[in-house]
>>> print(open('entry-v2.cif').read())   # mmCIF, N, CA and C atoms
data_protein
loop_
_atom_site.label_atom_id
_atom_site.label_comp_id
_atom_site.auth_asym_id
_atom_site.auth_seq_id
_atom_site.Cartn_x
_atom_site.Cartn_y
_atom_site.Cartn_z
N MET W 1 2.18 12.46 21.00
CA MET W 1 1.47 12.62 19.74
C MET W 1 1.70 14.04 19.25
N THR W 2 2.12 14.16 18.01
CA THR W 2 2.33 15.47 17.41
C THR W 2 1.27 15.70 16.34
N GLU W 3 1.32 16.89 15.70
CA GLU W 3 0.35 17.15 14.65
C GLU W 3 0.55 16.25 13.43
N ASP W 4 1.72 15.64 13.32
CA ASP W 4 1.99 14.71 12.21
C ASP W 4 1.63 13.28 12.57
N GLY W 5 1.08 13.06 13.72
CA GLY W 5 0.73 11.71 14.14
C GLY W 5 1.61 11.30 15.30
N PRO W 6 1.68 10.01 15.57
CA PRO W 6 2.47 9.52 16.70
C PRO W 6 3.94 9.87 16.53
N ASP W 7 4.56 10.29 17.62
CA ASP W 7 5.97 10.65 17.60
C ASP W 7 6.76 9.47 18.14
N ARG W 8 7.39 8.76 17.26
CA ARG W 8 8.15 7.58 17.67
C ARG W 8 9.53 7.63 17.04
N SER W 9 10.52 7.30 17.83
CA SER W 9 11.86 7.25 17.27
C SER W 9 12.11 5.91 16.61
N ILE W 10 11.38 4.90 17.04
CA ILE W 10 11.54 3.57 16.45
C ILE W 10 10.28 3.26 15.65
N VAL W 11 10.46 3.00 14.38
CA VAL W 11 9.33 2.67 13.51
C VAL W 11 9.14 1.16 13.53
N LYS W 12 7.94 0.74 13.84
CA LYS W 12 7.63 -0.68 13.84
C LYS W 12 7.26 -1.13 12.44
N GLY W 13 7.32 -2.42 12.20
CA GLY W 13 6.91 -2.97 10.92
C GLY W 13 7.87 -2.65 9.78
N LYS W 14 9.15 -2.65 10.06
CA LYS W 14 10.13 -2.30 9.04
C LYS W 14 10.12 -3.29 7.87
N ARG W 15 9.76 -4.53 8.13
CA ARG W 15 9.71 -5.51 7.04
C ARG W 15 8.60 -5.17 6.05
N LEU W 16 7.47 -4.71 6.55
CA LEU W 16 6.39 -4.32 5.65
C LEU W 16 6.77 -3.08 4.85
N ILE W 17 7.46 -2.15 5.49
CA ILE W 17 7.91 -0.95 4.78
C ILE W 17 8.93 -1.33 3.72
N ALA W 18 9.83 -2.24 4.06
CA ALA W 18 10.81 -2.71 3.07
C ALA W 18 10.11 -3.45 1.93
N LEU W 19 9.10 -4.24 2.27
CA LEU W 19 8.34 -4.96 1.24
C LEU W 19 7.69 -3.99 0.26
N ALA W 20 7.21 -2.86 0.76
CA ALA W 20 6.58 -1.87 -0.12
C ALA W 20 7.58 -1.37 -1.15
N TRP W 21 8.78 -1.02 -0.72
CA TRP W 21 9.77 -0.51 -1.68
C TRP W 21 10.36 -1.60 -2.54
N GLN W 22 10.52 -2.80 -2.02
CA GLN W 22 11.02 -3.90 -2.84
C GLN W 22 10.01 -4.25 -3.94
N SER W 23 8.74 -4.26 -3.58
CA SER W 23 7.73 -4.54 -4.60
C SER W 23 7.67 -3.42 -5.63
N THR W 24 7.90 -2.19 -5.20
CA THR W 24 7.92 -1.07 -6.13
C THR W 24 9.06 -1.21 -7.12
N ALA W 25 10.24 -1.55 -6.62
CA ALA W 25 11.40 -1.72 -7.51
C ALA W 25 11.17 -2.86 -8.49
N ALA W 26 10.67 -3.99 -8.00
CA ALA W 26 10.41 -5.13 -8.89
C ALA W 26 9.34 -4.79 -9.92
N PHE W 27 8.31 -4.09 -9.50
CA PHE W 27 7.22 -3.71 -10.40
C PHE W 27 7.73 -2.79 -11.51
N ILE W 28 8.59 -1.86 -11.14
CA ILE W 28 9.14 -0.94 -12.15
C ILE W 28 10.01 -1.70 -13.15
N VAL W 29 10.79 -2.65 -12.69
CA VAL W 29 11.62 -3.45 -13.60
C VAL W 29 10.74 -4.21 -14.59
N VAL W 30 9.67 -4.82 -14.08
CA VAL W 30 8.74 -5.55 -14.95
C VAL W 30 8.07 -4.60 -15.94
N LEU W 31 7.68 -3.43 -15.47
CA LEU W 31 7.03 -2.45 -16.36
C LEU W 31 7.99 -1.94 -17.43
N LEU W 32 9.23 -1.72 -17.08
CA LEU W 32 10.20 -1.29 -18.08
C LEU W 32 10.38 -2.36 -19.15
N GLY W 33 10.44 -3.61 -18.71
CA GLY W 33 10.50 -4.70 -19.69
C GLY W 33 9.27 -4.73 -20.57
N GLY W 34 8.12 -4.50 -19.98
CA GLY W 34 6.89 -4.50 -20.76
C GLY W 34 6.79 -3.34 -21.73
N VAL W 35 7.30 -2.19 -21.34
CA VAL W 35 7.24 -1.02 -22.23
C VAL W 35 8.19 -1.19 -23.41
N PHE W 36 9.39 -1.67 -23.14
CA PHE W 36 10.39 -1.76 -24.21
C PHE W 36 10.31 -3.05 -25.02
N TRP W 37 9.85 -4.13 -24.43
CA TRP W 37 9.74 -5.40 -25.14
C TRP W 37 8.37 -6.01 -24.86
N VAL W 38 7.35 -5.44 -25.47
CA VAL W 38 5.96 -5.86 -25.21
C VAL W 38 5.77 -7.33 -25.55
N ASP W 39 6.33 -7.79 -26.64
CA ASP W 39 6.12 -9.18 -27.05
C ASP W 39 6.71 -10.17 -26.04
N ARG W 40 7.84 -9.82 -25.46
CA ARG W 40 8.50 -10.73 -24.51
C ARG W 40 7.95 -10.60 -23.10
N PHE W 41 7.69 -9.37 -22.66
CA PHE W 41 7.33 -9.14 -21.27
C PHE W 41 5.85 -8.85 -21.04
N GLY W 42 5.06 -8.85 -22.08
CA GLY W 42 3.63 -8.55 -21.92
C GLY W 42 2.95 -9.50 -20.95
N VAL W 43 3.20 -10.78 -21.12
CA VAL W 43 2.58 -11.79 -20.24
C VAL W 43 3.11 -11.65 -18.82
N VAL W 44 4.38 -11.31 -18.69
CA VAL W 44 4.97 -11.12 -17.36
C VAL W 44 4.29 -9.95 -16.65
N VAL W 45 4.02 -8.88 -17.39
CA VAL W 45 3.33 -7.73 -16.80
C VAL W 45 1.93 -8.12 -16.36
N VAL W 46 1.23 -8.89 -17.18
CA VAL W 46 -0.13 -9.32 -16.83
C VAL W 46 -0.12 -10.19 -15.57
N VAL W 47 0.75 -11.18 -15.54
CA VAL W 47 0.80 -12.10 -14.39
C VAL W 47 1.22 -11.35 -13.13
N THR W 48 2.22 -10.49 -13.25
CA THR W 48 2.68 -9.72 -12.09
C THR W 48 1.59 -8.79 -11.59
N SER W 49 0.94 -8.08 -12.49
CA SER W 49 -0.09 -7.12 -12.09
C SER W 49 -1.29 -7.80 -11.45
N ILE W 50 -1.74 -8.89 -12.03
CA ILE W 50 -2.90 -9.60 -11.47
C ILE W 50 -2.54 -10.25 -10.14
N SER W 51 -1.32 -10.77 -10.02
CA SER W 51 -0.89 -11.34 -8.74
C SER W 51 -0.81 -10.28 -7.66
N MET W 52 -0.24 -9.13 -8.01
CA MET W 52 -0.15 -8.04 -7.03
C MET W 52 -1.55 -7.54 -6.65
N PHE W 53 -2.45 -7.50 -7.62
CA PHE W 53 -3.81 -7.08 -7.34
C PHE W 53 -4.48 -8.04 -6.36
N GLY W 54 -4.36 -9.34 -6.61
CA GLY W 54 -4.97 -10.34 -5.73
C GLY W 54 -4.39 -10.30 -4.33
N LEU W 55 -3.07 -10.23 -4.22
CA LEU W 55 -2.44 -10.15 -2.90
C LEU W 55 -2.83 -8.85 -2.19
N GLY W 56 -2.94 -7.77 -2.95
CA GLY W 56 -3.34 -6.50 -2.37
C GLY W 56 -4.74 -6.55 -1.81
N LEU W 57 -5.65 -7.23 -2.53
CA LEU W 57 -7.01 -7.37 -2.01
C LEU W 57 -7.04 -8.17 -0.71
N VAL W 58 -6.23 -9.22 -0.66
CA VAL W 58 -6.14 -10.02 0.57
C VAL W 58 -5.62 -9.16 1.72
N LEU W 59 -4.58 -8.36 1.45
CA LEU W 59 -4.03 -7.49 2.50
C LEU W 59 -5.04 -6.42 2.93
N LEU W 60 -5.82 -5.90 2.00
CA LEU W 60 -6.84 -4.92 2.36
C LEU W 60 -7.92 -5.53 3.24
N VAL W 61 -8.32 -6.76 2.95
CA VAL W 61 -9.32 -7.45 3.78
C VAL W 61 -8.74 -7.72 5.17
N LEU W 62 -7.48 -8.15 5.22
CA LEU W 62 -6.84 -8.38 6.51
C LEU W 62 -6.71 -7.08 7.31
N ALA W 63 -6.38 -5.99 6.62
CA ALA W 63 -6.28 -4.69 7.29
C ALA W 63 -7.63 -4.27 7.85
N PHE W 64 -8.68 -4.50 7.07
CA PHE W 64 -10.03 -4.17 7.53
C PHE W 64 -10.38 -5.00 8.76
N ALA W 65 -10.03 -6.30 8.75
CA ALA W 65 -10.30 -7.16 9.90
C ALA W 65 -9.51 -6.70 11.12
N LEU W 66 -8.25 -6.31 10.93
CA LEU W 66 -7.46 -5.79 12.04
C LEU W 66 -8.08 -4.50 12.59
N GLY W 67 -8.55 -3.65 11.69
CA GLY W 67 -9.19 -2.42 12.11
C GLY W 67 -10.47 -2.68 12.89
N LEU W 68 -11.24 -3.66 12.46
CA LEU W 68 -12.46 -4.02 13.20
C LEU W 68 -12.13 -4.53 14.59
N ARG W 69 -11.10 -5.38 14.66
CA ARG W 69 -10.71 -5.93 15.96
C ARG W 69 -10.23 -4.83 16.90
N ARG W 70 -9.44 -3.90 16.37
CA ARG W 70 -8.90 -2.83 17.21
C ARG W 70 -9.95 -1.78 17.55
N SER W 71 -11.01 -1.69 16.75
CA SER W 71 -12.02 -0.65 16.98
C SER W 71 -12.84 -0.88 18.25
N ARG W 72 -12.74 -2.03 18.84
CA ARG W 72 -13.44 -2.27 20.11
C ARG W 72 -12.86 -1.43 21.23
N PHE W 73 -11.55 -1.16 21.15
CA PHE W 73 -10.87 -0.45 22.23
C PHE W 73 -10.24 0.87 21.79
N GLU W 74 -10.11 1.06 20.48
CA GLU W 74 -9.47 2.26 19.95
C GLU W 74 -10.39 2.89 18.91
N HIS W 75 -10.25 4.19 18.74
CA HIS W 75 -11.04 4.91 17.74
C HIS W 75 -10.30 4.83 16.40
N VAL W 76 -10.62 3.79 15.61
CA VAL W 76 -9.97 3.54 14.33
C VAL W 76 -10.76 4.27 13.25
N SER W 77 -10.09 5.16 12.54
CA SER W 77 -10.77 5.89 11.47
C SER W 77 -10.39 5.29 10.12
N VAL W 78 -11.24 5.48 9.15
CA VAL W 78 -10.96 5.01 7.80
C VAL W 78 -9.72 5.71 7.25
N ALA W 79 -9.63 7.01 7.49
CA ALA W 79 -8.47 7.77 7.02
C ALA W 79 -7.19 7.29 7.70
N GLY W 80 -7.27 6.95 8.96
CA GLY W 80 -6.10 6.45 9.66
C GLY W 80 -5.69 5.06 9.22
N LEU W 81 -6.68 4.23 8.95
CA LEU W 81 -6.39 2.85 8.57
C LEU W 81 -5.93 2.73 7.12
N PHE W 82 -6.60 3.40 6.21
CA PHE W 82 -6.29 3.21 4.79
C PHE W 82 -5.43 4.31 4.19
N LEU W 83 -5.41 5.49 4.81
CA LEU W 83 -4.60 6.59 4.27
C LEU W 83 -3.47 7.00 5.21
N LEU W 84 -3.33 6.30 6.33
CA LEU W 84 -2.27 6.53 7.32
C LEU W 84 -2.32 7.92 7.93
N SER W 85 -3.46 8.55 7.91
CA SER W 85 -3.61 9.91 8.41
C SER W 85 -3.71 9.92 9.93
N GLY W 86 -2.66 10.41 10.58
CA GLY W 86 -2.66 10.52 12.02
C GLY W 86 -2.42 9.23 12.78
N SER W 87 -2.24 8.13 12.08
CA SER W 87 -2.06 6.85 12.76
C SER W 87 -0.64 6.33 12.65
N SER W 88 0.20 7.02 11.91
CA SER W 88 1.55 6.52 11.68
C SER W 88 2.56 7.63 11.86
N PRO W 89 3.78 7.25 12.22
CA PRO W 89 4.84 8.26 12.29
C PRO W 89 5.09 8.83 10.89
N SER W 90 5.54 10.05 10.85
CA SER W 90 5.70 10.71 9.55
C SER W 90 6.68 9.97 8.65
N VAL W 91 7.68 9.33 9.22
CA VAL W 91 8.65 8.58 8.40
C VAL W 91 7.95 7.42 7.69
N ALA W 92 7.19 6.64 8.43
CA ALA W 92 6.49 5.50 7.83
C ALA W 92 5.46 5.98 6.81
N ARG W 93 4.74 7.03 7.14
CA ARG W 93 3.73 7.56 6.22
C ARG W 93 4.37 8.04 4.92
N ARG W 94 5.47 8.75 5.03
CA ARG W 94 6.14 9.25 3.82
C ARG W 94 6.65 8.10 2.95
N VAL W 95 7.24 7.10 3.58
CA VAL W 95 7.79 5.97 2.82
C VAL W 95 6.67 5.18 2.15
N LEU W 96 5.63 4.85 2.89
CA LEU W 96 4.55 4.04 2.32
C LEU W 96 3.75 4.80 1.27
N THR W 97 3.40 6.04 1.54
CA THR W 97 2.66 6.80 0.52
C THR W 97 3.55 7.13 -0.68
N GLY W 98 4.84 7.31 -0.43
CA GLY W 98 5.77 7.51 -1.55
C GLY W 98 5.82 6.29 -2.45
N SER W 99 5.83 5.13 -1.85
CA SER W 99 5.82 3.89 -2.64
C SER W 99 4.53 3.75 -3.44
N ILE W 100 3.41 4.11 -2.82
CA ILE W 100 2.13 4.07 -3.53
C ILE W 100 2.15 5.02 -4.72
N LEU W 101 2.62 6.24 -4.50
CA LEU W 101 2.65 7.23 -5.58
C LEU W 101 3.60 6.83 -6.70
N VAL W 102 4.74 6.26 -6.36
CA VAL W 102 5.68 5.82 -7.39
C VAL W 102 5.07 4.69 -8.21
N GLN W 103 4.43 3.73 -7.55
CA GLN W 103 3.80 2.64 -8.30
C GLN W 103 2.65 3.14 -9.17
N LEU W 104 1.84 4.04 -8.64
CA LEU W 104 0.74 4.58 -9.45
C LEU W 104 1.27 5.32 -10.67
N THR W 105 2.29 6.15 -10.46
CA THR W 105 2.88 6.89 -11.58
C THR W 105 3.47 5.96 -12.62
N ALA W 106 4.22 4.97 -12.17
CA ALA W 106 4.84 4.02 -13.11
C ALA W 106 3.77 3.22 -13.86
N ALA W 107 2.75 2.77 -13.14
CA ALA W 107 1.72 1.94 -13.77
C ALA W 107 0.93 2.73 -14.82
N PHE W 108 0.50 3.94 -14.47
CA PHE W 108 -0.29 4.71 -15.42
C PHE W 108 0.56 5.23 -16.57
N THR W 109 1.82 5.50 -16.33
CA THR W 109 2.71 5.91 -17.43
C THR W 109 2.93 4.75 -18.39
N ALA W 110 3.23 3.58 -17.84
CA ALA W 110 3.46 2.41 -18.71
C ALA W 110 2.19 2.06 -19.48
N ALA W 111 1.05 2.10 -18.81
CA ALA W 111 -0.21 1.78 -19.48
C ALA W 111 -0.54 2.83 -20.53
N GLY W 112 -0.18 4.07 -20.28
CA GLY W 112 -0.43 5.13 -21.26
C GLY W 112 0.48 5.04 -22.47
N VAL W 113 1.71 4.61 -22.23
CA VAL W 113 2.66 4.48 -23.35
C VAL W 113 2.30 3.28 -24.22
N ARG W 114 1.91 2.20 -23.61
CA ARG W 114 1.56 0.97 -24.35
C ARG W 114 0.08 0.64 -24.18
N ILE W 115 -0.75 1.61 -24.51
CA ILE W 115 -2.19 1.43 -24.40
C ILE W 115 -2.63 0.35 -25.40
N TYR W 116 -3.65 -0.38 -25.09
CA TYR W 116 -4.21 -1.47 -25.89
C TYR W 116 -3.25 -2.65 -26.03
N THR W 117 -2.35 -2.80 -25.08
CA THR W 117 -1.48 -3.98 -25.03
C THR W 117 -1.62 -4.62 -23.66
N ASP W 118 -0.87 -5.68 -23.44
CA ASP W 118 -0.89 -6.34 -22.14
C ASP W 118 -0.38 -5.45 -21.02
N VAL W 119 0.40 -4.45 -21.37
CA VAL W 119 0.98 -3.56 -20.35
C VAL W 119 -0.11 -2.73 -19.66
N ALA W 120 -1.26 -2.59 -20.28
CA ALA W 120 -2.35 -1.83 -19.66
C ALA W 120 -2.84 -2.47 -18.36
N TYR W 121 -2.56 -3.75 -18.18
CA TYR W 121 -2.92 -4.42 -16.92
C TYR W 121 -2.14 -3.87 -15.74
N ALA W 122 -1.11 -3.09 -15.99
CA ALA W 122 -0.26 -2.56 -14.93
C ALA W 122 -1.04 -1.72 -13.93
N VAL W 123 -2.15 -1.15 -14.34
CA VAL W 123 -2.91 -0.29 -13.42
C VAL W 123 -3.47 -1.08 -12.23
N LEU W 124 -3.48 -2.40 -12.30
CA LEU W 124 -3.96 -3.22 -11.19
C LEU W 124 -2.91 -3.41 -10.11
N GLY W 125 -1.65 -3.32 -10.46
CA GLY W 125 -0.55 -3.63 -9.56
C GLY W 125 -0.45 -2.80 -8.30
N PRO W 126 -0.65 -1.48 -8.35
CA PRO W 126 -0.47 -0.67 -7.14
C PRO W 126 -1.42 -1.00 -5.98
N ILE W 127 -2.43 -1.81 -6.21
CA ILE W 127 -3.31 -2.22 -5.11
C ILE W 127 -2.50 -2.98 -4.07
N PHE W 128 -1.45 -3.67 -4.50
CA PHE W 128 -0.64 -4.43 -3.55
C PHE W 128 0.00 -3.51 -2.51
N VAL W 129 0.67 -2.48 -2.96
CA VAL W 129 1.36 -1.60 -2.00
C VAL W 129 0.35 -0.81 -1.17
N PHE W 130 -0.81 -0.52 -1.73
CA PHE W 130 -1.87 0.11 -0.95
C PHE W 130 -2.33 -0.84 0.16
N GLY W 131 -2.42 -2.13 -0.16
CA GLY W 131 -2.77 -3.13 0.84
C GLY W 131 -1.69 -3.29 1.90
N VAL W 132 -0.43 -3.22 1.49
CA VAL W 132 0.67 -3.29 2.45
C VAL W 132 0.58 -2.11 3.43
N ALA W 133 0.34 -0.92 2.91
CA ALA W 133 0.24 0.27 3.77
C ALA W 133 -0.94 0.14 4.74
N ALA W 134 -2.08 -0.32 4.25
CA ALA W 134 -3.25 -0.48 5.12
C ALA W 134 -3.00 -1.56 6.16
N PHE W 135 -2.36 -2.64 5.76
CA PHE W 135 -2.05 -3.71 6.70
C PHE W 135 -1.08 -3.21 7.77
N TRP W 136 -0.11 -2.39 7.34
CA TRP W 136 0.83 -1.80 8.30
C TRP W 136 0.07 -0.97 9.33
N ALA W 137 -0.86 -0.14 8.86
CA ALA W 137 -1.63 0.70 9.78
C ALA W 137 -2.50 -0.14 10.70
N GLY W 138 -3.09 -1.19 10.18
CA GLY W 138 -3.91 -2.06 11.01
C GLY W 138 -3.11 -2.78 12.07
N ARG W 139 -1.90 -3.12 11.74
CA ARG W 139 -1.04 -3.86 12.67
C ARG W 139 -0.26 -2.96 13.62
N TYR W 140 0.33 -1.88 13.07
CA TYR W 140 1.26 -1.07 13.86
C TYR W 140 0.81 0.37 14.07
N GLY W 141 -0.27 0.79 13.45
CA GLY W 141 -0.72 2.16 13.59
C GLY W 141 -1.16 2.48 15.01
N THR W 142 -1.11 3.75 15.34
CA THR W 142 -1.50 4.20 16.68
C THR W 142 -2.79 4.99 16.56
N PHE W 143 -3.80 4.56 17.29
CA PHE W 143 -5.10 5.21 17.28
C PHE W 143 -5.44 5.63 18.70
N PRO W 144 -6.21 6.70 18.85
CA PRO W 144 -6.57 7.12 20.21
C PRO W 144 -7.51 6.11 20.86
N PRO W 145 -7.46 6.01 22.19
CA PRO W 145 -8.35 5.06 22.87
C PRO W 145 -9.82 5.49 22.73
N ARG W 146 -10.67 4.49 22.66
CA ARG W 146 -12.11 4.75 22.58
C ARG W 146 -12.59 5.22 23.94
N PRO W 147 -13.37 6.29 23.98
CA PRO W 147 -13.88 6.75 25.28
C PRO W 147 -14.81 5.71 25.89
N SER W 148 -14.74 5.60 27.20
CA SER W 148 -15.59 4.61 27.88
C SER W 148 -17.03 5.12 27.91
N ASP W 149 -17.95 4.20 27.76
CA ASP W 149 -19.38 4.53 27.75
C ASP W 149 -19.86 4.66 29.19
N PRO W 150 -20.47 5.81 29.55
CA PRO W 150 -20.88 6.01 30.94
C PRO W 150 -22.05 5.13 31.38
N SER W 151 -22.79 4.54 30.44
CA SER W 151 -23.96 3.77 30.85
C SER W 151 -23.66 2.35 31.20
#
>>> encode(input="entry-v2.cif", output="structure tokens")
Amino acid sequence: MTEDGPDRSIVKGKRLIALAWQSTAAFIVVLLGGVFWVDRFGVVVVVTSISMFGLGLVLLVLAFALGLRRSRFEHVSVAGLFLLSGSSPSVARRVLTGSILVQLTAAFTAAGVRIYTDVAYAVLGPIFVFGVAAFWAGRYGTFPPRPSDPS
């Protein structure tokens, strides 16, 4: 364990990390369509954003359940589970938080450019990648063992 979290040469959960960036790329393509062709892509932005929001909520609930299950034997922190602080290798943390930041930036920029249109729903979309990151931490994150109770 280093000051940046677990020191691992092999990052687990590569499919989830890839899903985060694939969803980011797809989300940006949809947002670009919505910004430049609101009449054609407005509904696509709404459906994509609401779908990503719903899936993200499901992933956040699953991550919370994984954290609860692991908390019986490990010291699972909220910051470690939802913000990847100290529970993930620096590579995974950089990739997942980078994906979150890119989606947030794209969503708020698109919503700001096309305010009062269907594109404003884009602010809901980044919940998906936040859920992916939390689910990754719940499944593959490393937490310190819970101290045994002397009584």
>>> residues_around(input="entry-v2.cif", residues="stretch 40-53 of chain W", least_positions_apart="2", cutoff="6 Å", atoms="only C-alpha atoms", output="ChimeraX atom specification")
/W:33-34,37-38,55-56,118-119,121-122,124-125,127-128
>>> closest_residue(input="entry-v2.cif", among="W:Val91, W:Phe27, W:Gly138, W:Gly86", to="W:Arg70", atoms="all atoms listed in the file")
W:Gly138
>>> atom_distance(input="entry-v2.cif", atom1="atom CA of W:Ala133", atom2="atom C of W:Trp21")
12.1 Å
>>> select_by_dssp(input="entry-v2.cif", residues="stretch 72-106 of chain W", states="helix (DSSP H, G or I)", output="compact mmCIF listing (two decimals) with N, CA and C atoms, in the coordinates of the input")
# COMPACT_ATOMS: atom_id res chain seq x y z
N VAL W 78 -11.24 5.48 9.15
CA VAL W 78 -10.96 5.01 7.80
C VAL W 78 -9.72 5.71 7.25
N ALA W 79 -9.63 7.01 7.49
CA ALA W 79 -8.47 7.77 7.02
C ALA W 79 -7.19 7.29 7.70
N GLY W 80 -7.27 6.95 8.96
CA GLY W 80 -6.10 6.45 9.66
C GLY W 80 -5.69 5.06 9.22
N LEU W 81 -6.68 4.23 8.95
CA LEU W 81 -6.39 2.85 8.57
C LEU W 81 -5.93 2.73 7.12
N PHE W 82 -6.60 3.40 6.21
CA PHE W 82 -6.29 3.21 4.79
C PHE W 82 -5.43 4.31 4.19
N SER W 90 5.54 10.05 10.85
CA SER W 90 5.70 10.71 9.55
C SER W 90 6.68 9.97 8.65
N VAL W 91 7.68 9.33 9.22
CA VAL W 91 8.65 8.58 8.40
C VAL W 91 7.95 7.42 7.69
N ALA W 92 7.19 6.64 8.43
CA ALA W 92 6.49 5.50 7.83
C ALA W 92 5.46 5.98 6.81
N ARG W 93 4.74 7.03 7.14
CA ARG W 93 3.73 7.56 6.22
C ARG W 93 4.37 8.04 4.92
N ARG W 94 5.47 8.75 5.03
CA ARG W 94 6.14 9.25 3.82
C ARG W 94 6.65 8.10 2.95
N VAL W 95 7.24 7.10 3.58
CA VAL W 95 7.79 5.97 2.82
C VAL W 95 6.67 5.18 2.15
N LEU W 96 5.63 4.85 2.89
CA LEU W 96 4.55 4.04 2.32
C LEU W 96 3.75 4.80 1.27
N THR W 97 3.40 6.04 1.54
CA THR W 97 2.66 6.80 0.52
C THR W 97 3.55 7.13 -0.68
N GLY W 98 4.84 7.31 -0.43
CA GLY W 98 5.77 7.51 -1.55
C GLY W 98 5.82 6.29 -2.45
N SER W 99 5.83 5.13 -1.85
CA SER W 99 5.82 3.89 -2.64
C SER W 99 4.53 3.75 -3.44
N ILE W 100 3.41 4.11 -2.82
CA ILE W 100 2.13 4.07 -3.53
C ILE W 100 2.15 5.02 -4.72
N LEU W 101 2.62 6.24 -4.50
CA LEU W 101 2.65 7.23 -5.58
C LEU W 101 3.60 6.83 -6.70
N VAL W 102 4.74 6.26 -6.36
CA VAL W 102 5.68 5.82 -7.39
C VAL W 102 5.07 4.69 -8.21
N GLN W 103 4.43 3.73 -7.55
CA GLN W 103 3.80 2.64 -8.30
C GLN W 103 2.65 3.14 -9.17
N LEU W 104 1.84 4.04 -8.64
CA LEU W 104 0.74 4.58 -9.45
C LEU W 104 1.27 5.32 -10.67
N THR W 105 2.29 6.15 -10.46
CA THR W 105 2.88 6.89 -11.58
C THR W 105 3.47 5.96 -12.62
N ALA W 106 4.22 4.97 -12.17
CA ALA W 106 4.84 4.02 -13.11
C ALA W 106 3.77 3.22 -13.86
>>> atom_distance(input="entry-v2.cif", atom1="atom C of W:Phe135", atom2="atom C of W:Phe108")
25.8 Å
>>> atom_distance(input="entry-v2.cif", atom1="atom N of W:Ser71", atom2="atom C of W:Ile10")
21.9 Å
>>> closest_residue(input="entry-v2.cif", among="W:Leu96, W:Leu60, W:Pro144, W:Gln103", to="W:Leu16", atoms="only N, CA and C atoms")
W:Leu96
>>> closest_residue(input="entry-v2.cif", among="W:Val129, W:Ala134, W:Leu62, W:Val35", to="W:Ser85", atoms="only C-alpha atoms")
W:Ala134
>>> closest_residue(input="entry-v2.cif", among="W:Leu66, W:Leu31, W:Val102, W:Val61", to="W:Ala120", atoms="only C-alpha atoms")
W:Leu31
>>> residues_around(input="entry-v2.cif", residues="stretch 97-100 of chain W", least_positions_apart="3", cutoff="7 Å", atoms="only C-alpha atoms", output="CSV table (one decimal) with N, CA and C atoms, in the frame of the given file")
chain,number,residue,atom,x,y,z
W,20,ALA,N,7.2,-2.9,0.8
W,20,ALA,CA,6.6,-1.9,-0.1
W,20,ALA,C,7.6,-1.4,-1.2
W,21,TRP,N,8.8,-1.0,-0.7
W,21,TRP,CA,9.8,-0.5,-1.7
W,21,TRP,C,10.4,-1.6,-2.5
W,24,THR,N,7.9,-2.2,-5.2
W,24,THR,CA,7.9,-1.1,-6.1
W,24,THR,C,9.1,-1.2,-7.1
W,93,ARG,N,4.7,7.0,7.1
W,93,ARG,CA,3.7,7.6,6.2
W,93,ARG,C,4.4,8.0,4.9
W,94,ARG,N,5.5,8.8,5.0
W,94,ARG,CA,6.1,9.2,3.8
W,94,ARG,C,6.6,8.1,3.0
W,103,GLN,N,4.4,3.7,-7.6
W,103,GLN,CA,3.8,2.6,-8.3
W,103,GLN,C,2.6,3.1,-9.2
W,104,LEU,N,1.8,4.0,-8.6
W,104,LEU,CA,0.7,4.6,-9.4
W,104,LEU,C,1.3,5.3,-10.7
W,126,PRO,N,-0.6,-1.5,-8.4
W,126,PRO,CA,-0.5,-0.7,-7.1
W,126,PRO,C,-1.4,-1.0,-6.0
W,129,VAL,N,0.7,-2.5,-3.0
W,129,VAL,CA,1.4,-1.6,-2.0
W,129,VAL,C,0.4,-0.8,-1.2
W,130,PHE,N,-0.8,-0.5,-1.7
W,130,PHE,CA,-1.9,0.1,-1.0
W,130,PHE,C,-2.3,-0.8,0.2
>>> closest_residue(input="entry-v2.cif", among="W:Phe73, W:Tyr116, W:Phe143, W:Trp136", to="W:Leu59", atoms="only C-alpha atoms")
W:Trp136
>>> closest_residue(input="entry-v2.cif", among="W:Val113, W:Val58, W:Val123, W:Thr142", to="W:Leu84", atoms="only C-alpha atoms")
W:Thr142
